[in-house]
Structure formats: C-alpha cells, structure tokens
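With PDB, C-alpha atoms inside, this is final.pdb:
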```pdb
ATOM      1  CA  MET A 667     109.748  49.370  77.074  1.00  0.00           C
ATOM      2  CA  GLU A 668     111.909  46.476  78.186  1.00  0.00           C
ATOM      3  CA  TRP A 669     112.089  43.624  75.660  1.00  0.00           C
ATOM      4  CA  LEU A 670     112.932  40.071  76.741  1.00  0.00           C
ATOM      5  CA  ASP A 671     113.716  36.902  74.828  1.00  0.00           C
ATOM      6  CA  VAL A 672     111.019  34.238  75.031  1.00  0.00           C
ATOM      7  CA  VAL A 673     112.902  31.075  76.025  1.00  0.00           C
ATOM      8  CA  ASP A 674     112.455  27.298  76.113  1.00  0.00           C
ATOM      9  CA  GLU A 675     112.618  25.168  79.293  1.00  0.00           C
ATOM     10  CA  LYS A 676     116.433  25.383  79.337  1.00  0.00           C
ATOM     11  CA  GLY A 677     116.592  29.145  78.874  1.00  0.00           C
ATOM     12  CA  ASN A 678     117.471  29.102  75.177  1.00  0.00           C
ATOM     13  CA  PRO A 679     115.946  31.986  73.182  1.00  0.00           C
ATOM     14  CA  THR A 680     113.240  30.886  70.747  1.00  0.00           C
ATOM     15  CA  GLY A 681     113.601  33.880  68.423  1.00  0.00           C
ATOM     16  CA  GLU A 682     110.456  35.525  69.783  1.00  0.00           C
ATOM     17  CA  LEU A 683     110.443  38.671  71.925  1.00  0.00           C
ATOM     18  CA  VAL A 684     108.040  39.773  74.636  1.00  0.00           C
ATOM     19  CA  GLU A 685     107.654  43.058  76.448  1.00  0.00           C
ATOM     20  CA  ARG A 686     108.390  42.648  80.193  1.00  0.00           C
ATOM     21  CA  THR A 687     104.960  43.807  81.409  1.00  0.00           C
ATOM     22  CA  ARG A 688     103.224  41.383  79.043  1.00  0.00           C
ATOM     23  CA  ALA A 689     105.562  38.551  80.115  1.00  0.00           C
ATOM     24  CA  HIS A 690     104.402  39.006  83.718  1.00  0.00           C
ATOM     25  CA  ARG A 691     100.762  39.561  82.843  1.00  0.00           C
ATOM     26  CA  GLU A 692     100.566  36.415  80.684  1.00  0.00           C
ATOM     27  CA  GLY A 693     103.262  34.221  82.243  1.00  0.00           C
ATOM     28  CA  VAL A 694     105.544  34.109  79.195  1.00  0.00           C
ATOM     29  CA  ARG A 695     108.807  32.274  80.002  1.00  0.00           C
ATOM     30  CA  HIS A 696     111.886  34.533  80.074  1.00  0.00           C
ATOM     31  CA  ARG A 697     115.388  34.645  81.619  1.00  0.00           C
ATOM     32  CA  THR A 698     116.852  36.213  84.740  1.00  0.00           C
ATOM     33  CA  ALA A 699     120.286  36.215  86.357  1.00  0.00           C
ATOM     34  CA  HIS A 700     120.602  35.837  90.154  1.00  0.00           C
ATOM     35  CA  VAL A 701     123.814  36.860  91.934  1.00  0.00           C
ATOM     36  CA  TRP A 702     124.430  36.050  95.596  1.00  0.00           C
ATOM     37  CA  LEU A 703     127.250  37.940  97.311  1.00  0.00           C
ATOM     38  CA  LEU A 704     128.969  35.843  99.962  1.00  0.00           C
ATOM     39  CA  ARG A 705     131.712  36.469 102.517  1.00  0.00           C
ATOM     40  CA  LEU A 706     133.327  34.617 105.398  1.00  0.00           C
ATOM     41  CA  ARG A 707     133.108  36.051 108.898  1.00  0.00           C
ATOM     42  CA  GLN A 708     134.398  34.199 111.951  1.00  0.00           C
ATOM     43  CA  GLY A 709     134.502  30.987 109.925  1.00  0.00           C
ATOM     44  CA  LYS A 710     130.873  31.236 108.792  1.00  0.00           C
ATOM     45  CA  THR A 711     129.407  32.133 105.425  1.00  0.00           C
ATOM     46  CA  GLU A 712     127.290  35.266 105.247  1.00  0.00           C
ATOM     47  CA  VAL A 713     125.007  36.304 102.411  1.00  0.00           C
ATOM     48  CA  LEU A 714     124.178  39.863 101.361  1.00  0.00           C
ATOM     49  CA  LEU A 715     120.439  40.503 101.145  1.00  0.00           C
ATOM     50  CA  GLN A 716     118.905  43.446  99.368  1.00  0.00           C
ATOM     51  CA  LYS A 717     115.618  44.903 100.529  1.00  0.00           C
ATOM     52  CA  ARG A 718     113.499  45.688  97.495  1.00  0.00           C
ATOM     53  CA  SER A 719     112.303  49.266  97.095  1.00  0.00           C
ATOM     54  CA  ARG A 720     108.696  50.001  98.023  1.00  0.00           C
ATOM     55  CA  GLY A 721     107.901  50.960  94.415  1.00  0.00           C
ATOM     56  CA  LYS A 722     108.851  47.585  92.878  1.00  0.00           C
ATOM     57  CA  ASP A 723     106.173  45.862  90.758  1.00  0.00           C
ATOM     58  CA  SER A 724     106.473  42.675  92.825  1.00  0.00           C
ATOM     59  CA  HIS A 725     107.428  41.974  96.439  1.00  0.00           C
ATOM     60  CA  PRO A 726     107.998  45.595  97.471  1.00  0.00           C
ATOM     61  CA  GLY A 727     109.828  45.978 100.797  1.00  0.00           C
ATOM     62  CA  CYS A 728     110.916  42.319 100.895  1.00  0.00           C
ATOM     63  CA  TYR A 729     114.415  40.921 101.345  1.00  0.00           C
ATOM     64  CA  ASP A 730     115.721  39.263  98.216  1.00  0.00           C
ATOM     65  CA  ILE A 731     118.758  37.975  96.325  1.00  0.00           C
ATOM     66  CA  SER A 732     121.834  40.231  96.515  1.00  0.00           C
ATOM     67  CA  SER A 733     121.350  41.275  92.896  1.00  0.00           C
ATOM     68  CA  ALA A 734     118.975  39.950  90.266  1.00  0.00           C
ATOM     69  CA  GLY A 735     117.370  41.051  87.083  1.00  0.00           C
ATOM     70  CA  HIS A 736     115.768  40.275  83.789  1.00  0.00           C
ATOM     71  CA  ILE A 737     118.031  39.554  80.860  1.00  0.00           C
ATOM     72  CA  PRO A 738     117.296  41.950  78.000  1.00  0.00           C
ATOM     73  CA  ALA A 739     116.663  40.523  74.543  1.00  0.00           C
ATOM     74  CA  GLY A 740     119.892  39.594  72.788  1.00  0.00           C
ATOM     75  CA  VAL A 741     122.035  39.703  75.945  1.00  0.00           C
ATOM     76  CA  ASP A 742     123.697  36.679  77.538  1.00  0.00           C
ATOM     77  CA  TRP A 743     123.573  35.527  81.200  1.00  0.00           C
ATOM     78  CA  LEU A 744     126.908  36.762  82.598  1.00  0.00           C
ATOM     79  CA  PRO A 745     126.957  40.222  80.985  1.00  0.00           C
ATOM     80  CA  SER A 746     123.473  40.720  82.403  1.00  0.00           C
ATOM     81  CA  ALA A 747     124.555  39.515  85.874  1.00  0.00           C
ATOM     82  CA  ARG A 748     127.486  41.971  85.805  1.00  0.00           C
ATOM     83  CA  ARG A 749     125.240  44.839  84.677  1.00  0.00           C
ATOM     84  CA  GLU A 750     122.649  44.196  87.407  1.00  0.00           C
ATOM     85  CA  LEU A 751     125.349  44.023  90.087  1.00  0.00           C
ATOM     86  CA  LEU A 752     126.751  47.366  88.943  1.00  0.00           C
ATOM     87  CA  GLU A 753     123.340  49.031  88.575  1.00  0.00           C
ATOM     88  CA  GLU A 754     121.759  47.809  91.820  1.00  0.00           C
ATOM     89  CA  LEU A 755     124.753  47.770  94.187  1.00  0.00           C
ATOM     90  CA  GLY A 756     127.467  49.761  92.421  1.00  0.00           C
ATOM     91  CA  LEU A 757     129.860  46.778  92.379  1.00  0.00           C
ATOM     92  CA  GLU A 758     132.065  45.810  89.462  1.00  0.00           C
ATOM     93  CA  ALA A 759     133.127  42.213  88.868  1.00  0.00           C
ATOM     94  CA  ARG A 760     134.777  40.261  86.086  1.00  0.00           C
ATOM     95  CA  GLU A 761     132.870  37.367  84.524  1.00  0.00           C
ATOM     96  CA  GLU A 762     135.442  34.858  85.803  1.00  0.00           C
ATOM     97  CA  GLU A 763     134.660  35.881  89.405  1.00  0.00           C
ATOM     98  CA  PHE A 764     131.104  34.530  89.143  1.00  0.00           C
ATOM     99  CA  ALA A 765     130.723  30.920  90.308  1.00  0.00           C
ATOM    100  CA  ASP A 766     127.923  29.150  88.449  1.00  0.00           C
ATOM    101  CA  ARG A 767     125.624  27.445  90.990  1.00  0.00           C
ATOM    102  CA  GLY A 768     123.116  26.029  88.533  1.00  0.00           C
ATOM    103  CA  GLN A 769     119.778  26.866  87.015  1.00  0.00           C
ATOM    104  CA  ARG A 770     116.296  27.177  88.492  1.00  0.00           C
ATOM    105  CA  LYS A 771     112.908  27.093  86.838  1.00  0.00           C
ATOM    106  CA  ILE A 772     110.515  29.455  88.596  1.00  0.00           C
ATOM    107  CA  TYR A 773     106.752  29.673  88.212  1.00  0.00           C
ATOM    108  CA  TRP A 774     104.335  31.427  90.556  1.00  0.00           C
ATOM    109  CA  LYS A 775     101.263  33.652  90.475  1.00  0.00           C
ATOM    110  CA  ASP A 776     100.290  36.507  92.766  1.00  0.00           C
ATOM    111  CA  ASN A 777      98.602  39.898  92.739  1.00  0.00           C
ATOM    112  CA  PHE A 778     100.388  43.204  93.240  1.00  0.00           C
ATOM    113  CA  TYR A 779      98.659  46.584  93.239  1.00  0.00           C
ATOM    114  CA  GLY A 780      95.401  44.827  92.324  1.00  0.00           C
ATOM    115  CA  GLU A 781      96.831  43.287  89.143  1.00  0.00           C
ATOM    116  CA  PRO A 782      97.722  39.649  88.419  1.00  0.00           C
ATOM    117  CA  PHE A 783     101.451  38.913  88.247  1.00  0.00           C
ATOM    118  CA  VAL A 784     102.688  35.627  86.743  1.00  0.00           C
ATOM    119  CA  ASP A 785     106.390  34.896  86.939  1.00  0.00           C
ATOM    120  CA  ASN A 786     107.638  32.197  84.581  1.00  0.00           C
ATOM    121  CA  GLN A 787     111.406  32.346  84.387  1.00  0.00           C
ATOM    122  CA  VAL A 788     114.562  30.361  83.899  1.00  0.00           C
ATOM    123  CA  SER A 789     117.273  31.717  86.191  1.00  0.00           C
ATOM    124  CA  ASN A 790     120.992  31.105  86.192  1.00  0.00           C
ATOM    125  CA  VAL A 791     122.251  31.351  89.774  1.00  0.00           C
ATOM    126  CA  TYR A 792     125.728  32.667  90.552  1.00  0.00           C
ATOM    127  CA  CYS A 793     127.678  33.454  93.682  1.00  0.00           C
ATOM    128  CA  LEU A 794     130.428  35.989  94.073  1.00  0.00           C
ATOM    129  CA  TRP A 795     132.725  36.143  97.098  1.00  0.00           C
ATOM    130  CA  ARG A 796     133.096  39.812  98.014  1.00  0.00           C
ATOM    131  CA  ASP A 797     133.706  41.258 101.480  1.00  0.00           C
ATOM    132  CA  VAL A 798     132.194  44.721 101.264  1.00  0.00           C
ATOM    133  CA  GLU A 799     130.292  46.703 103.880  1.00  0.00           C
ATOM    134  CA  PRO A 800     126.746  47.825 103.007  1.00  0.00           C
ATOM    135  CA  GLU A 801     127.676  51.496 103.467  1.00  0.00           C
ATOM    136  CA  GLN A 802     130.294  51.085 100.691  1.00  0.00           C
ATOM    137  CA  LEU A 803     127.609  50.095  98.184  1.00  0.00           C
ATOM    138  CA  ARG A 804     125.930  52.551  95.808  1.00  0.00           C
ATOM    139  CA  LEU A 805     122.332  51.379  96.011  1.00  0.00           C
ATOM    140  CA  GLN A 806     119.978  52.136  93.123  1.00  0.00           C
ATOM    141  CA  PRO A 807     117.075  53.734  95.068  1.00  0.00           C
ATOM    142  CA  GLU A 808     114.319  52.739  92.624  1.00  0.00           C
ATOM    143  CA  GLU A 809     115.419  49.099  92.993  1.00  0.00           C
ATOM    144  CA  VAL A 810     117.046  48.671  96.421  1.00  0.00           C
ATOM    145  CA  GLU A 811     116.024  50.215  99.741  1.00  0.00           C
ATOM    146  CA  GLU A 812     118.773  48.673 101.877  1.00  0.00           C
ATOM    147  CA  ALA A 813     121.414  45.951 101.947  1.00  0.00           C
ATOM    148  CA  ARG A 814     122.502  43.830 104.905  1.00  0.00           C
ATOM    149  CA  TRP A 815     124.634  40.791 105.645  1.00  0.00           C
ATOM    150  CA  MET A 816     123.121  37.772 107.349  1.00  0.00           C
ATOM    151  CA  GLY A 817     124.598  34.403 108.214  1.00  0.00           C
ATOM    152  CA  LEU A 818     123.662  31.874 105.532  1.00  0.00           C
ATOM    153  CA  GLU A 819     122.224  29.414 108.063  1.00  0.00           C
ATOM    154  CA  GLU A 820     120.414  32.247 109.885  1.00  0.00           C
ATOM    155  CA  CYS A 821     118.973  33.363 106.538  1.00  0.00           C
ATOM    156  CA  ARG A 822     117.791  29.837 105.737  1.00  0.00           C
ATOM    157  CA  GLU A 823     116.038  29.668 109.102  1.00  0.00           C
ATOM    158  CA  ALA A 824     114.485  33.154 108.717  1.00  0.00           C
ATOM    159  CA  VAL A 825     113.121  32.230 105.281  1.00  0.00           C
ATOM    160  CA  ARG A 826     111.886  28.841 106.539  1.00  0.00           C
ATOM    161  CA  ARG A 827     110.059  30.478 109.475  1.00  0.00           C
ATOM    162  CA  GLY A 828     108.974  33.588 107.579  1.00  0.00           C
ATOM    163  CA  SER A 829     110.484  35.775 110.299  1.00  0.00           C
ATOM    164  CA  ILE A 830     111.649  38.426 107.798  1.00  0.00           C
ATOM    165  CA  PRO A 831     109.635  39.802 104.884  1.00  0.00           C
ATOM    166  CA  ASN A 832     111.211  38.047 101.905  1.00  0.00           C
ATOM    167  CA  CYS A 833     110.783  36.586  98.453  1.00  0.00           C
ATOM    168  CA  ILE A 834     113.728  34.202  98.733  1.00  0.00           C
ATOM    169  CA  ALA A 835     113.412  30.575  97.664  1.00  0.00           C
ATOM    170  CA  LEU A 836     114.901  28.019 100.060  1.00  0.00           C
ATOM    171  CA  GLU A 837     115.791  25.941  97.006  1.00  0.00           C
ATOM    172  CA  GLU A 838     118.081  28.742  95.848  1.00  0.00           C
ATOM    173  CA  LEU A 839     119.715  29.209  99.259  1.00  0.00           C
ATOM    174  CA  ASP A 840     120.460  25.484  99.190  1.00  0.00           C
ATOM    175  CA  MET A 841     122.397  26.010  95.943  1.00  0.00           C
ATOM    176  CA  LEU A 842     124.920  28.246  97.722  1.00  0.00           C
ATOM    177  CA  PRO A 843     128.194  26.915  99.137  1.00  0.00           C
ATOM    178  CA  ARG A 844     128.537  26.751 102.909  1.00  0.00           C
ATOM    179  CA  THR A 845     132.272  27.496 102.699  1.00  0.00           C
ATOM    180  CA  LYS A 846     134.500  29.324 100.260  1.00  0.00           C
ATOM    181  CA  GLU A 847     135.661  27.032  97.507  1.00  0.00           C
ATOM    182  CA  MET A 848     139.342  27.525  96.773  1.00  0.00           C
TER     183      MET A 848
END
```
Step by step, read the file and then write its structure as structure tokens.
Amino acid sequence: MEWLDVVDEKGNPTGELVERTRAHREGVRHRTAHVWLLRLRQGKTEVLLQKRSRGKDSHPGCYDISSAGHIPAGVDWLPSARRELLEELGLEAREEEFADRGQRKIYWKDNFYGEPFVDNQVSNVYCLWRDVEPEQLRLQPEEVEEARWMGLEECREAVRRGSIPNCIALEELDMLPRTKEM
C-alpha cells in the first residue's frame, strides 16, 4: 500500500493520510512532484518525454513529463523529485540542481480499465538541465516504456494538435524556460 498525505489547496499536509488507490477513486487531494529534463541543441531547448508503460493505472502508452510521481506520506517535494528521477530514469541529481518552476493544481476525471479515476493533486514543477542520451538512461520498465527528446516548441505544437498520444498539460509546458538560465 502506498500512503499519501492529504493536503490543502497549497499542498500543505493536513495531518490525514490516504491510500493512493482511494485517493484516485474518491478524488482526495494529494501531492506530486514533476521534473522536466531540458537540454540545448543547436540553440534550441529540447525536453525529454517519457512514454508511460502499458500497465500504468492511468494514461498507459502516453507521452508524459520526464519524471513524475506521488509524494509519499511524510516526505517533502525535492527528496521525492530526486527519488522519482532515480527510480524512473536512473539519473542522480542534487537538490540544488532542480529549478523551481512553480506549482499547479490539477483536477480531472476519467475512466481506465473500466474504473473511475479522479486526479486531484497539487504539483510542484521543476526543471533540470541535463544533456543525456535516452540509451544512457536506466528506464524502470513497469513505469517507463521509452524516453525521447523533442524540441520544446515542437512538443507544445504536438500537444496542442494531439498529434502524439500524451497526457501533458500545455499549462505546464508554458512553465518551462525557453532558454537555459545562467
């Protein structure tokens, strides 16, 4: 069982806990950390997309954030972001390497595998500049099927048009820097 902190509108734990499956069945607000890997190529920013494994409980086989995950009860944002990055992609990073891009409130309903799925989360969004080739990554097969780089503007357009299977929010792509901040 995976236990999550129930949180207020700003992502502050309320002192209550909820099991992850129940949180998604009932729409209980919880926290997630989103990490976007970025690199510069030929003067343009690229973003690393992960393709979610086919066995995921939501959006199987869709392109998504470079690394993202639920924050376990009692754990803070950045340690969780670091852990997810290591687990999903096999990349290590120090907390000071993560650039805070803001917070998003997310709420949506859908059905997966014939069951209702309600996502009610507060997400801290980070970016991390890291030039690594996909074949250098150690993908966690139960989470990630593939990873690929795409130009940030090309990704925005693909999400806008729906030309790739994805569960990426344009609002979140707009939070990312278009150039490397020195």
Q | Closest of A:Val672, A:Glu820, A:Tyr792, A:Gln716 to Arg748 (chain A) - atom-to-atom distances counting all atoms listed in the file | A |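 Of all the options, A:Tyr792 lies closest to Arg748 (chain A).
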Q | Picked residues, the PyMOL selection byres ((chain A and resi 715) around 7), as a ChimeraX atom specification | A | /A:713-714,716-717,729-732,813-815
Q: Would you translate the PyMOL selection byres ((chain A and resi 694) around 10) into the concrete set of residues it matches in this file, as a list in words?
A: Leu670, Asp671, Val672, Val673, Leu683, Val684, Glu685, Arg686, Thr687, Arg688, Ala689, His690, Arg691, Glu692, Gly693, Arg695, His696, Val784, Asp785, Asn786 and Gln787 of chain A
Q: Find the distance between CA of Arg844 (chain A) and CA of Cys821 (chain A) and write it in Å to one decimal.
A: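 CA of Cys821 (chain A) lies at a distance of 12.2 Å from CA of Arg844 (chain A).
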(Q) Using only C-alpha atoms - which residues lie no farther than 12 Å from the point (127.0, 39.3, 86.5) in the file's frame? Write them as a VMD selection string. (A) chain A and resid 698 to 703 732 to 737 741 to 755 757 to 766 790 to 794
Q: Kindly indicate which residue among A:Gly721, A:Gly681, A:Ala739, A:Val810 lies nearest to Gly756 (chain A), using all atoms listed in the file for the distances.
A: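 Distance minimum relative to Gly756 (chain A) lands on A:Val810.
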Q. Pick from A:Met816, A:Val788, A:Met667, A:Cys728: nearest to Ile830 (chain A), with only C-alpha atoms counted?
A.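 Once distances to Ile830 (chain A) are computed over only C-alpha atoms, the minimum belongs to A:Cys728.
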Q | Residue with smallest distance to Leu842 (chain A) - pool A:Lys710, A:Arg720, A:Arg767, A:Arg705, counting all atoms listed in the file | A | A:Arg767
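CA of Trp774 (chain A) sits 29.5 Å away from CA of Trp795 (chain A).
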